[in-house]
Structures are given as C-alpha cells and as structure tokens.
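First the structure, in the form of structure tokens, and then the observations on it.
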Amino acid sequence: MTPFTENVIKLIKQIPEGRVMTYGQIARLAGSPRAARQVVRILHSMSKKYRLPWHRVVNAEGKIVIKDEASYHEQILKLEAEGVALGSLNEVNLETYRWLP
DNA sequence: AGCTTGACTACTC
DNA sequence: AGAGTAGCCAAGC
C-alpha cells in the first residue's frame, strides 16, 4: 500500500452524491498527476473491500470508458439515480457536476 | 525480481 | 474531427 493509494481511496470516499470526478483529477490531487491509470486500478480493485463509489468517477470527457458493459450500465443507472443528468451519449456535464474538494 | 497490464490522458497525424 | 500513439506508474502474476 502506498500513500498515493490511500489518498486516492480517501478522495473517492469524499465524493458526494450527484457529483463526479475525473480519473486525472483524482490522480493529481492524490499526488501523482500522471497516474490516472493507477487510480482506475485502485478504484476498481478496492471498491470490493472498501465499498468505494466508483460509479462517481468518469474520464476526462465526462464519459464512461469502462470495458465491461454490465458495469458500464450499472454506473449510468447509479448516476441517474443520484440526480446526475447524462447526455444523449451518456456523458456528464463536467462544468456542472465536477466535484472540487 | 522482473515483466505485463490497464474503468486514462494528452499530443500528433 | 476522428483515429492512432506514446507516456504514465502501481498492482498482479
């Protein structure tokens, strides 16, 4: 476990309902601006143990780039359930929903 | 101990 | 504008 990992987990747990963050943003705040991919990996693997709101994390465009379709749709449903309006292409308006700590 | 792998990003064709 | 590519760094094997 690295400090970076802990920071990532902390940040993600702090995301309130109805808001989202980008992978890059989390990586930057966690101390490694270029570690977006690790954020993803950590988020995904740790969500099982720590129950992290992984669905509130999207890519830099506000879209969901996830590979697994099941999880992809699950994320969309959860976001909508929290009041996040998705575009016709299932994209989030970051100007509106991006959460700044 | 070393190599592969990404729920990404930014830059270039 | 859309597609290809290289860089990134920790986790998993």
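Letters A, B, ... go to the chains of the structure tokens in the order shown; residues in each chain start at 1; ligands are counted from 1 in the same order.
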Exercise. Please determine the contact residues of chain A with respect to chain C at a cut-off of 8 Å, counting only C-alpha atoms (C1' of nucleotides), and supply them as a list in words.
Key: Arg34, Ala35, Arg37, Gln38, Arg41 and Ile42 of chain A
Proximity of chain A to chain B: per-residue shortest pair, 7 Å limit, only C-alpha atoms (C1' of nucleotides), as JSON lines:
```
{"residue": "A:Tyr23", "atom": "CA", "partner": "B:DC8", "partner_atom": "C1'", "distance": 6.9}
{"residue": "A:Ala36", "atom": "CA", "partner": "B:DC8", "partner_atom": "C1'", "distance": 5.3}
{"residue": "A:Arg37", "atom": "CA", "partner": "B:DC8", "partner_atom": "C1'", "distance": 5.1}
{"residue": "A:Val40", "atom": "CA", "partner": "B:DA7", "partner_atom": "C1'", "distance": 5.7}
{"residue": "A:Asn59", "atom": "CA", "partner": "B:DC8", "partner_atom": "C1'", "distance": 6.9}
{"residue": "A:Val65", "atom": "CA", "partner": "B:DA7", "partner_atom": "C1'", "distance": 6.2}
{"residue": "A:Ile66", "atom": "CA", "partner": "B:DA7", "partner_atom": "C1'", "distance": 4.2}
{"residue": "A:Lys67", "atom": "CA", "partner": "B:DA7", "partner_atom": "C1'", "distance": 6.7}
```
Self-check item: Separation of CA of Tyr72 in chain A from CA of Trp99 in chain A in Å
Solution: 20.6 Å
Quiz prompt | DSSP alpha helix (DSSP H) residues within range 35-71 of chain A, as a list in words | solution =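 Filtering range 35-71 of chain A to alpha helix (DSSP H) leaves Ala36, Arg37, Gln38, Val39, Val40, Arg41, Ile42, Leu43, His44, Ser45, Met46, Ser47, Lys48, Lys49, Tyr50, Glu69, Ala70 and Ser71 of chain A.
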Keeping only all heavy atoms, write the selected residues as a CSV table (one decimal), in the first residue's frame.
```
chain,number,residue,atom,x,y,z
A,36,ALA,N,-3.3,8.4,-13.6
A,36,ALA,CA,-4.7,8.2,-13.8
A,36,ALA,C,-5.1,6.7,-13.9
A,36,ALA,O,-6.1,6.3,-13.4
A,36,ALA,CB,-5.2,8.9,-15.1
A,37,ARG,N,-4.2,6.0,-14.5
A,37,ARG,CA,-4.5,4.6,-14.7
A,37,ARG,C,-4.4,3.8,-13.4
A,37,ARG,O,-5.2,2.9,-13.2
A,37,ARG,CB,-3.5,4.0,-15.7
A,37,ARG,CG,-3.3,4.8,-16.9
A,37,ARG,CD,-2.5,4.1,-18.0
A,37,ARG,NE,-3.3,3.0,-18.5
A,37,ARG,CZ,-3.1,2.4,-19.7
A,37,ARG,NH1,-2.2,2.8,-20.4
A,37,ARG,NH2,-3.9,1.4,-20.1
A,38,GLN,N,-3.6,4.2,-12.5
A,38,GLN,CA,-3.5,3.6,-11.2
A,38,GLN,C,-4.7,3.9,-10.4
A,38,GLN,O,-5.2,3.1,-9.6
A,38,GLN,CB,-2.3,4.1,-10.5
A,38,GLN,CG,-1.0,3.3,-10.9
A,38,GLN,CD,-0.8,3.5,-12.4
A,38,GLN,OE1,-1.0,2.5,-13.1
A,38,GLN,NE2,-0.5,4.7,-12.9
A,39,VAL,N,-5.2,5.1,-10.6
A,39,VAL,CA,-6.4,5.5,-9.9
A,39,VAL,C,-7.5,4.5,-10.3
A,39,VAL,O,-8.3,4.0,-9.4
A,39,VAL,CB,-6.9,6.9,-10.3
A,39,VAL,CG1,-8.3,7.2,-9.7
A,39,VAL,CG2,-5.9,7.9,-9.8
A,40,VAL,N,-7.6,4.3,-11.6
A,40,VAL,CA,-8.6,3.3,-12.1
A,40,VAL,C,-8.4,1.9,-11.5
A,40,VAL,O,-9.4,1.3,-11.0
A,40,VAL,CB,-8.5,3.2,-13.6
A,40,VAL,CG1,-9.3,2.0,-14.1
A,40,VAL,CG2,-9.0,4.5,-14.2
A,41,ARG,N,-7.2,1.5,-11.5
A,41,ARG,CA,-6.9,0.1,-11.0
A,41,ARG,C,-7.3,0.0,-9.5
A,41,ARG,O,-7.9,-0.9,-9.1
A,41,ARG,CB,-5.4,-0.2,-11.2
A,41,ARG,CG,-5.1,-1.5,-10.6
A,41,ARG,CD,-3.6,-1.8,-10.8
A,41,ARG,NE,-3.3,-2.0,-12.2
A,41,ARG,CZ,-3.5,-3.1,-12.9
A,41,ARG,NH1,-4.0,-4.1,-12.2
A,41,ARG,NH2,-3.2,-3.2,-14.1
A,42,ILE,N,-6.8,1.0,-8.8
A,42,ILE,CA,-7.1,1.0,-7.3
A,42,ILE,C,-8.6,1.1,-7.0
A,42,ILE,O,-9.1,0.3,-6.3
A,42,ILE,CB,-6.4,2.3,-6.7
A,42,ILE,CG1,-4.9,2.2,-6.8
A,42,ILE,CG2,-6.8,2.4,-5.2
A,42,ILE,CD1,-4.2,3.5,-6.5
A,43,LEU,N,-9.2,2.0,-7.7
A,43,LEU,CA,-10.6,2.2,-7.5
A,43,LEU,C,-11.4,0.9,-7.8
A,43,LEU,O,-12.2,0.5,-7.0
A,43,LEU,CB,-11.1,3.2,-8.5
A,43,LEU,CG,-12.6,3.6,-8.4
A,43,LEU,CD1,-12.9,4.0,-7.0
A,43,LEU,CD2,-12.9,4.7,-9.4
A,44,HIS,N,-11.0,0.2,-8.9
A,44,HIS,CA,-11.7,-1.0,-9.2
A,44,HIS,C,-11.5,-2.1,-8.3
A,44,HIS,O,-12.4,-2.8,-7.8
A,44,HIS,CB,-11.3,-1.4,-10.6
A,44,HIS,CG,-12.0,-2.6,-11.1
A,44,HIS,ND1,-11.5,-3.6,-11.9
A,44,HIS,CD2,-13.3,-2.9,-11.0
A,44,HIS,CE1,-12.4,-4.5,-12.2
A,44,HIS,NE2,-13.5,-4.2,-11.6
A,45,SER,N,-10.2,-2.3,-7.9
A,45,SER,CA,-9.9,-3.4,-7.0
A,45,SER,C,-10.3,-3.2,-5.6
A,45,SER,O,-10.7,-4.1,-4.9
A,45,SER,CB,-8.4,-3.7,-7.1
A,45,SER,OG,-7.7,-2.6,-6.9
A,46,MET,N,-10.2,-1.9,-5.2
A,46,MET,CA,-10.5,-1.6,-3.8
A,46,MET,C,-12.0,-1.4,-3.5
A,46,MET,O,-12.5,-1.5,-2.4
A,46,MET,CB,-9.8,-0.3,-3.4
A,46,MET,CG,-8.3,-0.5,-3.3
A,46,MET,SD,-7.9,-1.8,-2.1
A,46,MET,CE,-6.1,-1.8,-2.3
A,47,SER,N,-12.8,-1.2,-4.6
A,47,SER,CA,-14.2,-0.9,-4.4
A,47,SER,C,-14.9,-2.2,-3.8
A,47,SER,O,-15.9,-2.0,-3.1
A,47,SER,CB,-14.8,-0.6,-5.7
A,47,SER,OG,-14.7,-1.7,-6.6
A,48,LYS,N,-14.3,-3.3,-4.0
A,48,LYS,CA,-14.9,-4.5,-3.4
A,48,LYS,C,-14.7,-4.6,-1.9
A,48,LYS,O,-15.7,-4.9,-1.2
A,48,LYS,CB,-14.1,-5.7,-4.0
A,48,LYS,CG,-14.3,-5.8,-5.5
A,48,LYS,CD,-13.3,-6.8,-6.1
A,48,LYS,CE,-13.4,-6.8,-7.6
A,48,LYS,NZ,-12.4,-7.7,-8.2
A,49,LYS,N,-13.6,-4.2,-1.4
A,49,LYS,CA,-13.4,-4.2,0.0
A,49,LYS,C,-13.9,-3.0,0.7
A,49,LYS,O,-14.5,-3.0,1.8
A,49,LYS,CB,-11.9,-4.3,0.3
A,49,LYS,CG,-11.2,-5.6,-0.2
A,49,LYS,CD,-9.8,-5.6,0.1
A,49,LYS,CE,-9.1,-6.8,-0.5
A,49,LYS,NZ,-7.6,-6.8,-0.2
A,50,TYR,N,-13.6,-1.8,0.1
A,50,TYR,CA,-13.9,-0.6,0.8
A,50,TYR,C,-15.3,0.1,0.4
A,50,TYR,O,-15.6,1.1,0.8
A,50,TYR,CB,-12.8,0.5,0.5
A,50,TYR,CG,-11.5,0.1,1.1
A,50,TYR,CD1,-10.7,-0.9,0.5
A,50,TYR,CD2,-11.0,0.7,2.3
A,50,TYR,CE1,-9.5,-1.3,1.1
A,50,TYR,CE2,-9.8,0.4,2.8
A,50,TYR,CZ,-9.0,-0.6,2.2
A,50,TYR,OH,-7.9,-1.0,2.8
A,69,GLU,N,-19.5,-4.1,-20.1
A,69,GLU,CA,-20.8,-3.5,-20.4
A,69,GLU,C,-21.8,-3.5,-19.2
A,69,GLU,O,-22.4,-2.5,-18.9
A,69,GLU,CB,-21.6,-4.2,-21.5
A,69,GLU,CG,-21.0,-3.9,-22.9
A,69,GLU,CD,-21.8,-4.5,-24.0
A,69,GLU,OE1,-23.0,-4.3,-24.0
A,69,GLU,OE2,-21.2,-5.2,-24.9
A,70,ALA,N,-21.7,-4.5,-18.4
A,70,ALA,CA,-22.6,-4.6,-17.2
A,70,ALA,C,-22.3,-3.5,-16.3
A,70,ALA,O,-23.2,-2.8,-15.8
A,70,ALA,CB,-22.4,-6.0,-16.6
A,71,SER,N,-21.0,-3.3,-16.0
A,71,SER,CA,-20.6,-2.3,-15.1
A,71,SER,C,-20.9,-0.9,-15.7
A,71,SER,O,-21.2,0.0,-15.0
A,71,SER,CB,-19.1,-2.4,-14.8
A,71,SER,OG,-18.8,-3.7,-14.2
```
Practice problem: Provide the CA of Arg51 in chain A to CA of Ser32 in chain A distance in Å, to one decimal place. | Solution: 22.9 Å
Exercise. For CA of Met1 in chain A and CA of Ile26 in chain A, quote the distance in Å rounded to one decimal.
Key: 17.1 Å
Practice problem: Would you list, as JSON, numbers by chain, the residues of chain A that end up in strand (DSSP E or B) under DSSP run on this structure's backbone? | Solution: {"A": [20, 21, 22, 57, 58, 86, 92, 98]}
Exercise. Check the smallest atom-to-atom distance from each of A:Leu86, A:Asp68, A:Glu91, A:Arg56 to Glu17 in chain A using only C-alpha atoms, then report the winner.
Key: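 Result for the nearest residue to Glu17 in chain A: A:Arg56.
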Quiz item: A:His73, A:Arg19, A:Lys13, A:Arg98: which is nearest Ala60 in chain A, counting only C-alpha atoms?
Solution: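 Comparing A:His73, A:Arg19, A:Lys13, A:Arg98 against Ala60 in chain A, the winner is A:Arg98.
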